[in-house]
>>> print(open('target_21.pdb').read())   # PDB, C-alpha atoms
MODEL        1
ATOM      1  CA  MET Y  28     136.883  79.798  89.965
ATOM      2  CA  PRO Y  29     134.131  79.401  87.347
ATOM      3  CA  ASP Y  30     133.065  82.734  85.907
ATOM      4  CA  GLN Y  31     129.377  81.959  86.466
ATOM      5  CA  PHE Y  32     129.989  81.512  90.200
ATOM      6  CA  LEU Y  33     131.897  84.812  90.329
ATOM      7  CA  TYR Y  34     129.123  86.651  88.489
ATOM      8  CA  ALA Y  35     126.580  85.212  90.939
ATOM      9  CA  THR Y  36     128.762  86.342  93.844
ATOM     10  CA  GLU Y  37     128.915  89.858  92.399
ATOM     11  CA  VAL Y  38     125.131  89.931  92.022
ATOM     12  CA  PHE Y  39     124.753  88.688  95.606
ATOM     13  CA  ILE Y  40     127.001  91.456  96.980
ATOM     14  CA  ASN Y  41     125.217  94.125  94.956
ATOM     15  CA  GLY Y  42     121.928  92.733  96.258
ATOM     16  CA  LEU Y  43     123.138  93.252  99.811
ATOM     17  CA  MET Y  44     124.046  96.847  98.970
ATOM     18  CA  ALA Y  45     120.656  97.500  97.359
ATOM     19  CA  GLY Y  46     118.951  95.987 100.391
ATOM     20  CA  VAL Y  47     120.697  98.477 102.657
ATOM     21  CA  LEU Y  48     119.221 101.366 100.651
ATOM     22  CA  TYR Y  49     115.737  99.834 100.955
ATOM     23  CA  ALA Y  50     116.271  99.387 104.681
ATOM     24  CA  LEU Y  51     117.189 103.055 105.153
ATOM     25  CA  VAL Y  52     113.707 104.024 103.992
ATOM     26  CA  ALA Y  53     112.037 101.294 106.037
ATOM     27  CA  LEU Y  54     113.728 102.549 109.219
ATOM     28  CA  GLY Y  55     111.645 105.721 109.155
ATOM     29  CA  PHE Y  56     108.428 103.697 108.967
ATOM     30  CA  VAL Y  57     109.498 101.521 111.898
ATOM     31  CA  LEU Y  58     110.411 104.482 114.111
ATOM     32  CA  ILE Y  59     107.055 106.212 113.756
ATOM     33  CA  TYR Y  60     105.087 102.964 113.997
ATOM     34  CA  LYS Y  61     106.900 101.982 117.199
ATOM     35  CA  ALA Y  62     106.252 105.359 118.797
ATOM     36  CA  SER Y  63     102.691 106.056 117.741
ATOM     37  CA  GLY Y  64     101.234 102.962 116.100
ATOM     38  CA  ILE Y  65     100.927 104.934 112.849
ATOM     39  CA  PHE Y  66     101.893 103.605 109.454
ATOM     40  CA  ASN Y  67     103.427 106.799 108.054
ATOM     41  CA  TYR Y  68     102.521 106.901 104.364
ATOM     42  CA  ALA Y  69     104.439 110.185 104.075
ATOM     43  CA  GLN Y  70     107.880 108.705 104.828
ATOM     44  CA  GLY Y  71     108.891 108.486 101.157
ATOM     45  CA  VAL Y  72     107.780 112.073 100.538
ATOM     46  CA  MET Y  73     109.736 113.143 103.622
ATOM     47  CA  ALA Y  74     112.868 111.706 101.985
ATOM     48  CA  LEU Y  75     112.042 113.666  98.823
ATOM     49  CA  PHE Y  76     111.394 116.902 100.744
ATOM     50  CA  ALA Y  77     114.588 116.538 102.789
ATOM     51  CA  ALA Y  78     116.704 115.906  99.681
ATOM     52  CA  MET Y  79     115.145 118.827  97.780
ATOM     53  CA  THR Y  80     115.640 121.127 100.775
ATOM     54  CA  LEU Y  81     119.281 120.061 101.035
ATOM     55  CA  VAL Y  82     119.914 120.789  97.355
ATOM     56  CA  GLY Y  83     118.103 124.112  97.609
ATOM     57  CA  ILE Y  84     120.146 125.224 100.621
ATOM     58  CA  MET Y  85     123.439 124.101  99.065
ATOM     59  CA  ASN Y  86     122.712 126.001  95.838
ATOM     60  CA  GLY Y  87     121.462 129.128  97.614
ATOM     61  CA  GLN Y  88     118.055 128.807  95.974
ATOM     62  CA  VAL Y  89     115.281 131.157  97.074
ATOM     63  CA  PRO Y  90     112.343 129.146  98.502
ATOM     64  CA  PHE Y  91     109.017 129.711  96.718
ATOM     65  CA  SER Y  92     110.838 131.777  94.086
ATOM     66  CA  HIS Y  93     108.283 130.877  91.393
ATOM     67  CA  ILE Y  94     105.416 132.270  93.481
ATOM     68  CA  ILE Y  95     107.413 135.351  94.531
ATOM     69  CA  ASN Y  96     108.334 136.136  90.929
ATOM     70  CA  ALA Y  97     104.776 135.587  89.702
ATOM     71  CA  VAL Y  98     103.274 137.869  92.359
ATOM     72  CA  PHE Y  99     105.827 140.684  92.318
ATOM     73  CA  GLY Y 100     107.059 140.411  88.729
ATOM     74  CA  THR Y 101     110.666 139.803  89.800
ATOM     75  CA  GLU Y 102     113.282 137.394  88.454
ATOM     76  CA  ILE Y 103     114.889 136.276  91.701
ATOM     77  CA  HIS Y 104     115.905 132.613  91.880
ATOM     78  CA  HIS Y 105     119.122 132.472  93.922
ATOM     79  CA  PHE Y 106     120.665 134.362  96.821
ATOM     80  CA  GLY Y 107     124.037 134.357  95.079
ATOM     81  CA  TRP Y 108     125.925 132.092  97.451
ATOM     82  CA  HIS Y 109     126.604 128.372  97.920
ATOM     83  CA  VAL Y 110     126.503 126.618 101.288
ATOM     84  CA  PRO Y 111     129.054 123.884 102.169
ATOM     85  CA  ALA Y 112     127.560 120.386 102.243
ATOM     86  CA  PHE Y 113     128.072 119.765 105.975
ATOM     87  CA  LEU Y 114     126.482 123.073 107.003
ATOM     88  CA  ALA Y 115     123.639 122.504 104.542
ATOM     89  CA  ILE Y 116     122.973 119.079 106.086
ATOM     90  CA  LEU Y 117     122.807 120.646 109.567
ATOM     91  CA  LEU Y 118     120.388 123.308 108.326
ATOM     92  CA  THR Y 119     118.254 120.639 106.648
ATOM     93  CA  VAL Y 120     118.122 118.683 109.909
ATOM     94  CA  GLY Y 121     116.823 121.894 111.505
ATOM     95  CA  VAL Y 122     114.142 122.162 108.813
ATOM     96  CA  MET Y 123     113.057 118.560 109.476
ATOM     97  CA  VAL Y 124     112.812 119.295 113.219
ATOM     98  CA  ILE Y 125     110.585 122.301 112.445
ATOM     99  CA  PHE Y 126     108.534 120.052 110.166
ATOM    100  CA  ALA Y 127     108.173 117.519 113.011
ATOM    101  CA  TRP Y 128     107.001 120.258 115.388
ATOM    102  CA  LEU Y 129     104.429 121.457 112.829
ATOM    103  CA  VAL Y 130     103.137 117.906 112.295
ATOM    104  CA  GLN Y 131     102.650 117.480 116.017
ATOM    105  CA  ARG Y 132     101.186 120.955 116.501
ATOM    106  CA  LEU Y 133      98.784 120.977 113.568
ATOM    107  CA  VAL Y 134      97.931 117.303 113.059
ATOM    108  CA  MET Y 135      98.910 114.732 115.661
ATOM    109  CA  ARG Y 136      97.774 116.447 118.858
ATOM    110  CA  HIS Y 137      94.230 116.620 117.467
ATOM    111  CA  LEU Y 138      94.178 112.864 116.828
ATOM    112  CA  VAL Y 139      95.116 111.491 120.250
ATOM    113  CA  GLY Y 140      93.113 108.323 120.928
ATOM    114  CA  GLN Y 141      91.747 108.047 117.389
ATOM    115  CA  GLU Y 142      91.528 104.761 115.486
ATOM    116  CA  PRO Y 143      94.659 103.689 113.545
ATOM    117  CA  ILE Y 144      92.852 104.089 110.212
ATOM    118  CA  ILE Y 145      92.209 107.764 111.014
ATOM    119  CA  LEU Y 146      95.897 108.301 111.766
ATOM    120  CA  PHE Y 147      96.858 106.473 108.571
ATOM    121  CA  MET Y 148      94.528 108.650 106.480
ATOM    122  CA  ALA Y 149      96.093 111.723 108.080
ATOM    123  CA  THR Y 150      99.553 110.637 106.865
ATOM    124  CA  ILE Y 151      98.181 110.146 103.338
ATOM    125  CA  GLY Y 152      96.945 113.724 103.350
ATOM    126  CA  LEU Y 153     100.265 114.844 104.815
ATOM    127  CA  ALA Y 154     102.165 113.063 102.025
ATOM    128  CA  TYR Y 155     100.316 114.809  99.212
ATOM    129  CA  PHE Y 156     100.457 118.159 101.003
ATOM    130  CA  LEU Y 157     104.209 117.850 101.540
ATOM    131  CA  GLU Y 158     104.748 116.829  97.919
ATOM    132  CA  GLY Y 159     102.893 119.945  96.783
ATOM    133  CA  VAL Y 160     104.884 122.152  99.161
ATOM    134  CA  SER Y 161     108.133 120.641  97.817
ATOM    135  CA  ASP Y 162     107.092 121.529  94.283
ATOM    136  CA  LEU Y 163     106.139 125.104  95.201
ATOM    137  CA  MET Y 164     109.169 125.612  97.414
ATOM    138  CA  TRP Y 165     111.985 124.243  95.258
ATOM    139  CA  GLY Y 166     110.552 123.570  91.784
ATOM    140  CA  SER Y 167     109.853 120.298  89.998
ATOM    141  CA  GLU Y 168     112.965 119.923  87.828
ATOM    142  CA  ILE Y 169     115.428 117.087  88.428
ATOM    143  CA  LYS Y 170     118.285 118.212  90.679
ATOM    144  CA  LYS Y 171     121.818 116.892  91.072
ATOM    145  CA  LEU Y 172     122.871 116.157  94.635
ATOM    146  CA  ASP Y 173     126.566 116.044  95.466
ATOM    147  CA  VAL Y 174     127.644 116.140  99.120
ATOM    148  CA  GLY Y 175     131.087 114.711  98.444
ATOM    149  CA  LEU Y 176     130.257 111.017  98.723
ATOM    150  CA  PRO Y 177     132.354 108.699  96.529
ATOM    151  CA  GLN Y 178     130.544 107.360  93.479
ATOM    152  CA  GLY Y 179     131.252 104.847  90.752
ATOM    153  CA  GLY Y 180     132.845 101.432  90.958
ATOM    154  CA  SER Y 181     135.688 100.658  93.329
ATOM    155  CA  PHE Y 182     138.813 100.191  91.213
ATOM    156  CA  TRP Y 183     140.604  98.646  94.184
ATOM    157  CA  ILE Y 184     138.018  95.861  94.514
ATOM    158  CA  GLU Y 185     137.932  95.440  90.747
ATOM    159  CA  ASP Y 186     141.707  95.030  90.561
ATOM    160  CA  MET Y 187     141.813  92.686  93.565
ATOM    161  CA  THR Y 188     139.186  90.346  92.098
ATOM    162  CA  ALA Y 189     140.119  90.528  88.429
ATOM    163  CA  GLY Y 190     142.459  87.516  88.680
ATOM    164  CA  LEU Y 191     139.921  85.181  90.268
ATOM    165  CA  GLY Y 192     138.372  83.991  87.011
ATOM    166  CA  SER Y 193     139.260  83.600  83.376
ATOM    167  CA  ASP Y 194     140.581  86.306  81.078
ATOM    168  CA  ASN Y 195     136.987  87.326  80.348
ATOM    169  CA  PHE Y 196     136.291  88.156  84.004
ATOM    170  CA  TYR Y 197     137.305  91.727  84.852
ATOM    171  CA  GLY Y 198     136.572  91.780  88.572
ATOM    172  CA  PHE Y 199     133.649  92.706  90.819
ATOM    173  CA  PHE Y 200     131.856  95.990  90.187
ATOM    174  CA  ILE Y 201     130.917  97.332  93.637
ATOM    175  CA  ASP Y 202     129.634 100.899  93.861
ATOM    176  CA  ASN Y 203     131.483 103.098  96.367
ATOM    177  CA  LEU Y 204     128.237 104.870  97.281
ATOM    178  CA  ASP Y 205     126.618 101.547  98.190
ATOM    179  CA  MET Y 206     129.516 100.738 100.509
ATOM    180  CA  VAL Y 207     129.152 104.132 102.208
ATOM    181  CA  ALA Y 208     125.406 103.518 102.586
ATOM    182  CA  THR Y 209     126.139 100.171 104.248
ATOM    183  CA  VAL Y 210     128.400 101.790 106.844
ATOM    184  CA  VAL Y 211     125.912 104.608 107.475
ATOM    185  CA  ALA Y 212     123.023 102.146 107.864
ATOM    186  CA  ALA Y 213     125.011 100.056 110.348
ATOM    187  CA  LEU Y 214     125.775 103.139 112.441
ATOM    188  CA  LEU Y 215     122.153 104.308 112.270
ATOM    189  CA  VAL Y 216     120.733 100.966 113.350
ATOM    190  CA  THR Y 217     123.211 100.661 116.214
ATOM    191  CA  GLY Y 218     122.390 104.157 117.424
ATOM    192  CA  LEU Y 219     118.629 103.712 117.114
ATOM    193  CA  VAL Y 220     118.617 100.360 118.913
ATOM    194  CA  LEU Y 221     120.669 101.774 121.782
ATOM    195  CA  PHE Y 222     118.409 104.832 121.939
ATOM    196  CA  SER Y 223     115.221 102.766 121.888
ATOM    197  CA  GLN Y 224     116.311 100.233 124.498
ATOM    198  CA  TYR Y 225     118.498 102.129 126.947
ATOM    199  CA  THR Y 226     117.267 105.721 127.170
ATOM    200  CA  LYS Y 227     114.343 107.211 129.050
ATOM    201  CA  GLN Y 228     113.014 108.787 125.856
ATOM    202  CA  GLY Y 229     113.254 105.472 124.006
ATOM    203  CA  ARG Y 230     111.246 103.648 126.660
ATOM    204  CA  ALA Y 231     108.705 106.484 126.623
ATOM    205  CA  MET Y 232     108.367 106.036 122.858
ATOM    206  CA  ARG Y 233     107.496 102.363 123.321
ATOM    207  CA  ALA Y 234     104.994 103.223 126.041
ATOM    208  CA  VAL Y 235     103.250 105.743 123.764
ATOM    209  CA  ALA Y 236     103.065 103.121 121.002
ATOM    210  CA  ASP Y 237     101.325 100.645 123.334
ATOM    211  CA  ASP Y 238      98.639 103.013 124.651
ATOM    212  CA  HIS Y 239      98.360 106.784 124.220
ATOM    213  CA  GLN Y 240      96.007 107.287 127.156
ATOM    214  CA  ALA Y 241      97.979 105.074 129.532
ATOM    215  CA  ALA Y 242     101.180 106.928 128.621
ATOM    216  CA  LEU Y 243      99.468 110.228 129.404
ATOM    217  CA  SER Y 244      98.264 108.900 132.757
ATOM    218  CA  VAL Y 245     101.831 108.179 133.934
ATOM    219  CA  GLY Y 246     103.086 111.633 132.978
ATOM    220  CA  ILE Y 247     104.600 111.006 129.540
ATOM    221  CA  SER Y 248     104.287 114.042 127.265
ATOM    222  CA  LEU Y 249     102.788 112.933 123.964
ATOM    223  CA  ASN Y 250     103.685 116.279 122.423
ATOM    224  CA  PHE Y 251     107.383 115.861 123.194
ATOM    225  CA  ILE Y 252     107.504 112.191 122.153
ATOM    226  CA  TRP Y 253     105.802 112.839 118.827
ATOM    227  CA  VAL Y 254     108.075 115.776 118.018
ATOM    228  CA  LEU Y 255     111.057 113.623 118.952
ATOM    229  CA  VAL Y 256     110.076 110.603 116.884
ATOM    230  CA  TRP Y 257     109.061 112.619 113.822
ATOM    231  CA  SER Y 258     112.357 114.509 114.092
ATOM    232  CA  VAL Y 259     114.345 111.274 114.184
ATOM    233  CA  ALA Y 260     112.277 109.881 111.303
ATOM    234  CA  GLY Y 261     112.956 113.111 109.422
ATOM    235  CA  PHE Y 262     116.693 112.658 109.983
ATOM    236  CA  VAL Y 263     116.475 109.068 108.708
ATOM    237  CA  ALA Y 264     114.505 110.344 105.711
ATOM    238  CA  LEU Y 265     117.279 112.878 105.060
ATOM    239  CA  VAL Y 266     119.930 110.135 105.111
ATOM    240  CA  ALA Y 267     117.862 108.008 102.737
ATOM    241  CA  GLY Y 268     117.224 111.039 100.517
ATOM    242  CA  ILE Y 269     120.955 111.799 100.350
ATOM    243  CA  MET Y 270     121.809 108.231  99.339
ATOM    244  CA  TRP Y 271     119.042 107.816  96.784
ATOM    245  CA  GLY Y 272     119.346 111.400  95.517
ATOM    246  CA  THR Y 273     123.090 111.037  95.009
ATOM    247  CA  LYS Y 274     122.523 107.755  93.209
ATOM    248  CA  SER Y 275     119.709 108.725  90.840
ATOM    249  CA  GLY Y 276     119.152 112.484  91.183
ATOM    250  CA  VAL Y 277     116.585 114.339  93.278
ATOM    251  CA  GLN Y 278     113.264 114.023  91.468
ATOM    252  CA  PHE Y 279     109.658 113.425  92.417
ATOM    253  CA  SER Y 280     109.899 109.702  91.663
ATOM    254  CA  LEU Y 281     112.146 109.591  94.753
ATOM    255  CA  SER Y 282     108.995 109.528  96.875
ATOM    256  CA  LEU Y 283     108.094 106.159  95.335
ATOM    257  CA  ILE Y 284     110.948 104.445  97.164
ATOM    258  CA  ALA Y 285     108.448 104.097 100.003
ATOM    259  CA  LEU Y 286     106.667 101.461  97.921
ATOM    260  CA  LYS Y 287     109.804  99.305  97.961
ATOM    261  CA  ALA Y 288     109.978  99.680 101.731
ATOM    262  CA  LEU Y 289     106.590  97.971 102.179
ATOM    263  CA  PRO Y 290     107.833  94.433 101.413
ATOM    264  CA  VAL Y 291     110.841  95.131 103.659
ATOM    265  CA  LEU Y 292     108.505  95.967 106.544
ATOM    266  CA  MET Y 293     106.334  92.919 105.914
ATOM    267  CA  LEU Y 294     109.369  90.661 106.093
ATOM    268  CA  GLY Y 295     111.185  92.281 108.991
ATOM    269  CA  GLY Y 296     108.189  93.362 111.043
ATOM    270  CA  PHE Y 297     106.725  96.824 111.581
ATOM    271  CA  THR Y 298     108.088  97.140 115.123
ATOM    272  CA  SER Y 299     111.691  95.948 114.735
ATOM    273  CA  ILE Y 300     114.625  98.201 113.834
ATOM    274  CA  PRO Y 301     116.992  95.251 113.173
ATOM    275  CA  GLY Y 302     114.120  93.629 111.275
ATOM    276  CA  ALA Y 303     114.089  96.551 108.831
ATOM    277  CA  ILE Y 304     117.741  95.876 107.999
ATOM    278  CA  VAL Y 305     117.319  92.098 107.728
ATOM    279  CA  GLY Y 306     114.175  92.516 105.622
ATOM    280  CA  GLY Y 307     115.972  94.965 103.342
ATOM    281  CA  LEU Y 308     118.877  92.572 102.845
ATOM    282  CA  ILE Y 309     116.528  89.667 102.065
ATOM    283  CA  ILE Y 310     114.594  91.737  99.531
ATOM    284  CA  GLY Y 311     117.754  93.165  97.957
ATOM    285  CA  VAL Y 312     119.529  89.829  97.603
ATOM    286  CA  GLY Y 313     116.376  87.944  96.678
ATOM    287  CA  GLU Y 314     115.349  90.200  93.812
ATOM    288  CA  LYS Y 315     118.874  90.404  92.386
ATOM    289  CA  MET Y 316     119.506  86.654  92.551
ATOM    290  CA  PHE Y 317     116.045  85.845  91.213
ATOM    291  CA  GLU Y 318     116.624  88.188  88.287
ATOM    292  CA  PHE Y 319     120.061  86.614  87.690
ATOM    293  CA  TRP Y 320     118.910  82.985  87.713
ATOM    294  CA  ILE Y 321     115.211  83.056  86.761
ATOM    295  CA  GLY Y 322     114.902  86.360  84.884
ATOM    296  CA  PRO Y 323     116.341  85.096  81.580
ATOM    297  CA  LEU Y 324     113.883  82.178  81.641
ATOM    298  CA  VAL Y 325     110.766  84.362  82.013
ATOM    299  CA  GLY Y 326     111.735  87.404  79.961
ATOM    300  CA  GLY Y 327     113.335  89.504  82.732
ATOM    301  CA  ALA Y 328     111.907  92.447  84.713
ATOM    302  CA  THR Y 329     111.329  90.219  87.751
ATOM    303  CA  GLU Y 330     112.712  92.904  90.097
ATOM    304  CA  ASN Y 331     109.459  94.847  89.616
ATOM    305  CA  TRP Y 332     107.321  92.199  91.317
ATOM    306  CA  PHE Y 333     109.527  89.712  93.178
ATOM    307  CA  ALA Y 334     109.568  91.653  96.469
ATOM    308  CA  TYR Y 335     105.771  91.931  96.578
ATOM    309  CA  VAL Y 336     105.232  88.232  95.865
ATOM    310  CA  LEU Y 337     107.672  87.354  98.653
ATOM    311  CA  ALA Y 338     105.888  89.764 100.993
ATOM    312  CA  LEU Y 339     102.545  88.159 100.104
ATOM    313  CA  LEU Y 340     103.898  84.748 101.099
ATOM    314  CA  PHE Y 341     105.033  86.165 104.428
ATOM    315  CA  LEU Y 342     101.605  87.707 105.022
ATOM    316  CA  VAL Y 343     100.030  84.284 104.517
ATOM    317  CA  PHE Y 344     102.397  82.230 106.680
ATOM    318  CA  ARG Y 345     103.915  84.759 109.130
ATOM    319  CA  PRO Y 346     101.947  88.029 109.066
ATOM    320  CA  GLN Y 347     103.935  89.638 111.906
ATOM    321  CA  GLY Y 348     107.193  89.260 109.956
ATOM    322  CA  LEU Y 349     110.469  87.728 111.094
ATOM    323  CA  PHE Y 350     111.040  90.057 114.045
ATOM    324  CA  GLY Y 351     107.603  91.573 114.557
ATOM    325  CA  GLU Y 352     105.577  91.177 117.719
ATOM    326  CA  LYS Y 353     102.689  88.732 117.573
ATOM    327  CA  ILE Y 354      99.683  90.533 119.022
ATOM    328  CA  ILE Y 355      97.195  88.429 120.978
ATOM    329  CA  GLU Y 356      93.905  90.116 121.830
ATOM    330  CA  ARG Y 357      91.920  88.577 124.663
ATOM    331  CA  VAL Y 358      88.162  88.982 124.679
TER     332      VAL Y 358
ENDMDL
END
>>> encode(input="target_21.pdb", output="structure tokens")
Amino acid sequence: MPDQFLYATEVFINGLMAGVLYALVALGFVLIYKASGIFNYAQGVMALFAAMTLVGIMNGQVPFSHIINAVFGTEIHHFGWHVPAFLAILLTVGVMVIFAWLVQRLVMRHLVGQEPIILFMATIGLAYFLEGVSDLMWGSEIKKLDVGLPQGGSFWIEDMTAGLGSDNFYGFFIDNLDMVATVVAALLVTGLVLFSQYTKQGRAMRAVADDHQAALSVGISLNFIWVLVWSVAGFVALVAGIMWGTKSGVQFSLSLIALKALPVLMLGGFTSIPGAIVGGLIIGVGEKMFEFWIGPLVGGATENWFAYVLALLFLVFRPQGLFGEKIIERV
């Protein structure tokens, strides 16, 4: 096969893998939007907070140690033990459930029936508050996250594909972590779709999204549904935080991955779980292939803006996205 075709194929596959990572973040947005009609600006910061909490628990770090040491003049930073990755993940899930309960208790229950813009502004405030708490709780330095996931290129794939081209083609470079993320995303989407469509709680979530007051009138507990959906979104944020944190380190720029999820949501639709995956794959493949073919002609760096231009085109011609629901308001 021609080497150029093989290189393009490698870029295409890596684009699919990158799209899966984008979709993992977008899933959290979709879950909360479906259940409450809220665009959760804090989803990226939730991924950051979950990843930082996981690292802190694994390393036995004392929460708020900087404040404790400043107030009491101590030098305590660690408990002196390390927690296994699996147990640390379970404890972090517990922290995200507590976070969900606090969000419902302190924020959401006071905003029942409010306009969507009010709810959106509340999530902006929540994002900056949570980012500040993360800094105070675990510190601002870059942290390494290692939960035992395979990293680096797959030598097996590289060896299997090395003979497809000329002597100058050394095989496909496919990251093991990206392949794990693909499997995890597939399992997550399958589970979330089944939960949303075939369980009592899933149907209650959709009812709450349509009309808060109507859901209350038929006996649906908004408190329970909001705790549930924010807990699930927190779990999705943890999964995304693990993948991105393992890939590039746990740092405050991790919260910016939410910005890449916006074009994914615009393409797939704000109310569709499968749409988040399809939108992520389109964005991932599109930006990689565009950079491969067009980037050299325009000076490169097209990955920084391609997704947003594509999203803008969708907003013009299909604002509800590929899988989103077209809302018709009758007057």
>>> resolve_selection(input="target_21.pdb", expression="the PyMOL selection byres ((chain Y and resi 313-324) around 9)", output="PyMOL selection string")
chain Y and resi 35+38-39+41-42+45+308-312+325-334+337
>>> closest_residue(input="target_21.pdb", among="Y:Gly276, Y:Gly100, Y:Gly295, Y:Gly261", to="Y:Ile169", atoms="only C-alpha atoms")
Y:Gly276
>>> atom_distance(input="target_21.pdb", atom1="atom CA of Y:Asn86", atom2="atom CA of Y:Ile116")
12.4 Å
>>> residues_around(input="target_21.pdb", residues="Y:Val47", least_positions_apart="2", cutoff="10 Å", atoms="all atoms listed in the file", output="number ranges by chain")
Y: 41-45, 49-53, 205-206, 208-213, 267, 303-311
>>> write_last_selection(input="target_21.pdb", atoms="C-alpha atoms", output="PDB file, keeping the file's coordinate frame")
ATOM      1  CA  ASN Y  41     125.217  94.125  94.956  1.00  0.00           C
ATOM      2  CA  GLY Y  42     121.928  92.733  96.258  1.00  0.00           C
ATOM      3  CA  LEU Y  43     123.138  93.252  99.811  1.00  0.00           C
ATOM      4  CA  MET Y  44     124.046  96.847  98.970  1.00  0.00           C
ATOM      5  CA  ALA Y  45     120.656  97.500  97.359  1.00  0.00           C
ATOM      6  CA  TYR Y  49     115.737  99.834 100.955  1.00  0.00           C
ATOM      7  CA  ALA Y  50     116.271  99.387 104.681  1.00  0.00           C
ATOM      8  CA  LEU Y  51     117.189 103.055 105.153  1.00  0.00           C
ATOM      9  CA  VAL Y  52     113.707 104.024 103.992  1.00  0.00           C
ATOM     10  CA  ALA Y  53     112.037 101.294 106.037  1.00  0.00           C
ATOM     11  CA  ASP Y 205     126.618 101.547  98.190  1.00  0.00           C
ATOM     12  CA  MET Y 206     129.516 100.738 100.509  1.00  0.00           C
ATOM     13  CA  ALA Y 208     125.406 103.518 102.586  1.00  0.00           C
ATOM     14  CA  THR Y 209     126.139 100.171 104.248  1.00  0.00           C
ATOM     15  CA  VAL Y 210     128.400 101.790 106.844  1.00  0.00           C
ATOM     16  CA  VAL Y 211     125.912 104.608 107.475  1.00  0.00           C
ATOM     17  CA  ALA Y 212     123.023 102.146 107.864  1.00  0.00           C
ATOM     18  CA  ALA Y 213     125.011 100.056 110.348  1.00  0.00           C
ATOM     19  CA  ALA Y 267     117.862 108.008 102.737  1.00  0.00           C
ATOM     20  CA  ALA Y 303     114.089  96.551 108.831  1.00  0.00           C
ATOM     21  CA  ILE Y 304     117.741  95.876 107.999  1.00  0.00           C
ATOM     22  CA  VAL Y 305     117.319  92.098 107.728  1.00  0.00           C
ATOM     23  CA  GLY Y 306     114.175  92.516 105.622  1.00  0.00           C
ATOM     24  CA  GLY Y 307     115.972  94.965 103.342  1.00  0.00           C
ATOM     25  CA  LEU Y 308     118.877  92.572 102.845  1.00  0.00           C
ATOM     26  CA  ILE Y 309     116.528  89.667 102.065  1.00  0.00           C
ATOM     27  CA  ILE Y 310     114.594  91.737  99.531  1.00  0.00           C
ATOM     28  CA  GLY Y 311     117.754  93.165  97.957  1.00  0.00           C
TER      29      GLY Y 311
END
>>> closest_residue(input="target_21.pdb", among="Y:Arg233, Y:Asn96, Y:Phe91, Y:Pro301", to="Y:Leu214", atoms="all atoms listed in the file")
Y:Pro301
>>> closest_residue(input="target_21.pdb", among="Y:Phe196, Y:Tyr155, Y:Phe76, Y:Phe99", to="Y:Thr119", atoms="only C-alpha atoms")
Y:Phe76
>>> closest_residue(input="target_21.pdb", among="Y:Ser63, Y:Phe113, Y:Gln347, Y:Thr217", to="Y:Ala242", atoms="only C-alpha atoms")
Y:Ser63
>>> closest_residue(input="target_21.pdb", among="Y:Gly83, Y:Gly229, Y:Pro290, Y:Gly107", to="Y:Met164", atoms="all atoms listed in the file")
Y:Gly83
>>> residues_near_point(input="target_21.pdb", point="(130.1, 83.0, 86.8)", cutoff="12 Å", atoms="all atoms listed in the file", output="list of chain:residue names")
Y:Met28, Y:Pro29, Y:Asp30, Y:Gln31, Y:Phe32, Y:Leu33, Y:Tyr34, Y:Ala35, Y:Thr36, Y:Glu37, Y:Val38, Y:Phe39, Y:Leu191, Y:Gly192, Y:Ser193, Y:Asn195, Y:Phe196, Y:Tyr197, Y:Gly198, Y:Phe199, Y:Phe319, Y:Trp320
>>> resolve_selection(input="target_21.pdb", expression="the PyMOL selection byres ((chain Y and resi 56) around 10)", output="list of chain:residue names")
Y:Ala50, Y:Leu51, Y:Val52, Y:Ala53, Y:Leu54, Y:Gly55, Y:Val57, Y:Leu58, Y:Ile59, Y:Tyr60, Y:Lys61, Y:Ile65, Y:Phe66, Y:Asn67, Y:Tyr68, Y:Ala69, Y:Gln70, Y:Gly71, Y:Ala260, Y:Val263, Y:Ala264, Y:Ala285, Y:Ala288, Y:Leu289, Y:Leu292, Y:Phe297, Y:Thr298, Y:Ile300, Y:Ala303
>>> closest_residue(input="target_21.pdb", among="Y:Val130, Y:Val120, Y:Ala112, Y:Leu339", to="Y:Val266", atoms="all atoms listed in the file")
Y:Val120
>>> resolve_selection(input="target_21.pdb", expression="the PyMOL selection byres ((chain Y and resi 245-248) around 12)", output="mmCIF file with C-alpha atoms, keeping the file's coordinate frame")
data_model
loop_
_atom_site.group_PDB
_atom_site.id
_atom_site.type_symbol
_atom_site.label_atom_id
_atom_site.label_comp_id
_atom_site.auth_asym_id
_atom_site.auth_seq_id
_atom_site.Cartn_x
_atom_site.Cartn_y
_atom_site.Cartn_z
ATOM 1 C CA GLN Y 131 102.650 117.480 116.017
ATOM 2 C CA ARG Y 136 97.774 116.447 118.858
ATOM 3 C CA VAL Y 139 95.116 111.491 120.250
ATOM 4 C CA LYS Y 227 114.343 107.211 129.050
ATOM 5 C CA GLN Y 228 113.014 108.787 125.856
ATOM 6 C CA GLY Y 229 113.254 105.472 124.006
ATOM 7 C CA ARG Y 230 111.246 103.648 126.660
ATOM 8 C CA ALA Y 231 108.705 106.484 126.623
ATOM 9 C CA MET Y 232 108.367 106.036 122.858
ATOM 10 C CA ARG Y 233 107.496 102.363 123.321
ATOM 11 C CA ALA Y 234 104.994 103.223 126.041
ATOM 12 C CA VAL Y 235 103.250 105.743 123.764
ATOM 13 C CA ALA Y 236 103.065 103.121 121.002
ATOM 14 C CA ASP Y 238 98.639 103.013 124.651
ATOM 15 C CA HIS Y 239 98.360 106.784 124.220
ATOM 16 C CA GLN Y 240 96.007 107.287 127.156
ATOM 17 C CA ALA Y 241 97.979 105.074 129.532
ATOM 18 C CA ALA Y 242 101.180 106.928 128.621
ATOM 19 C CA LEU Y 243 99.468 110.228 129.404
ATOM 20 C CA SER Y 244 98.264 108.900 132.757
ATOM 21 C CA LEU Y 249 102.788 112.933 123.964
ATOM 22 C CA ASN Y 250 103.685 116.279 122.423
ATOM 23 C CA PHE Y 251 107.383 115.861 123.194
ATOM 24 C CA ILE Y 252 107.504 112.191 122.153
ATOM 25 C CA TRP Y 253 105.802 112.839 118.827
ATOM 26 C CA VAL Y 254 108.075 115.776 118.018
ATOM 27 C CA LEU Y 255 111.057 113.623 118.952
#
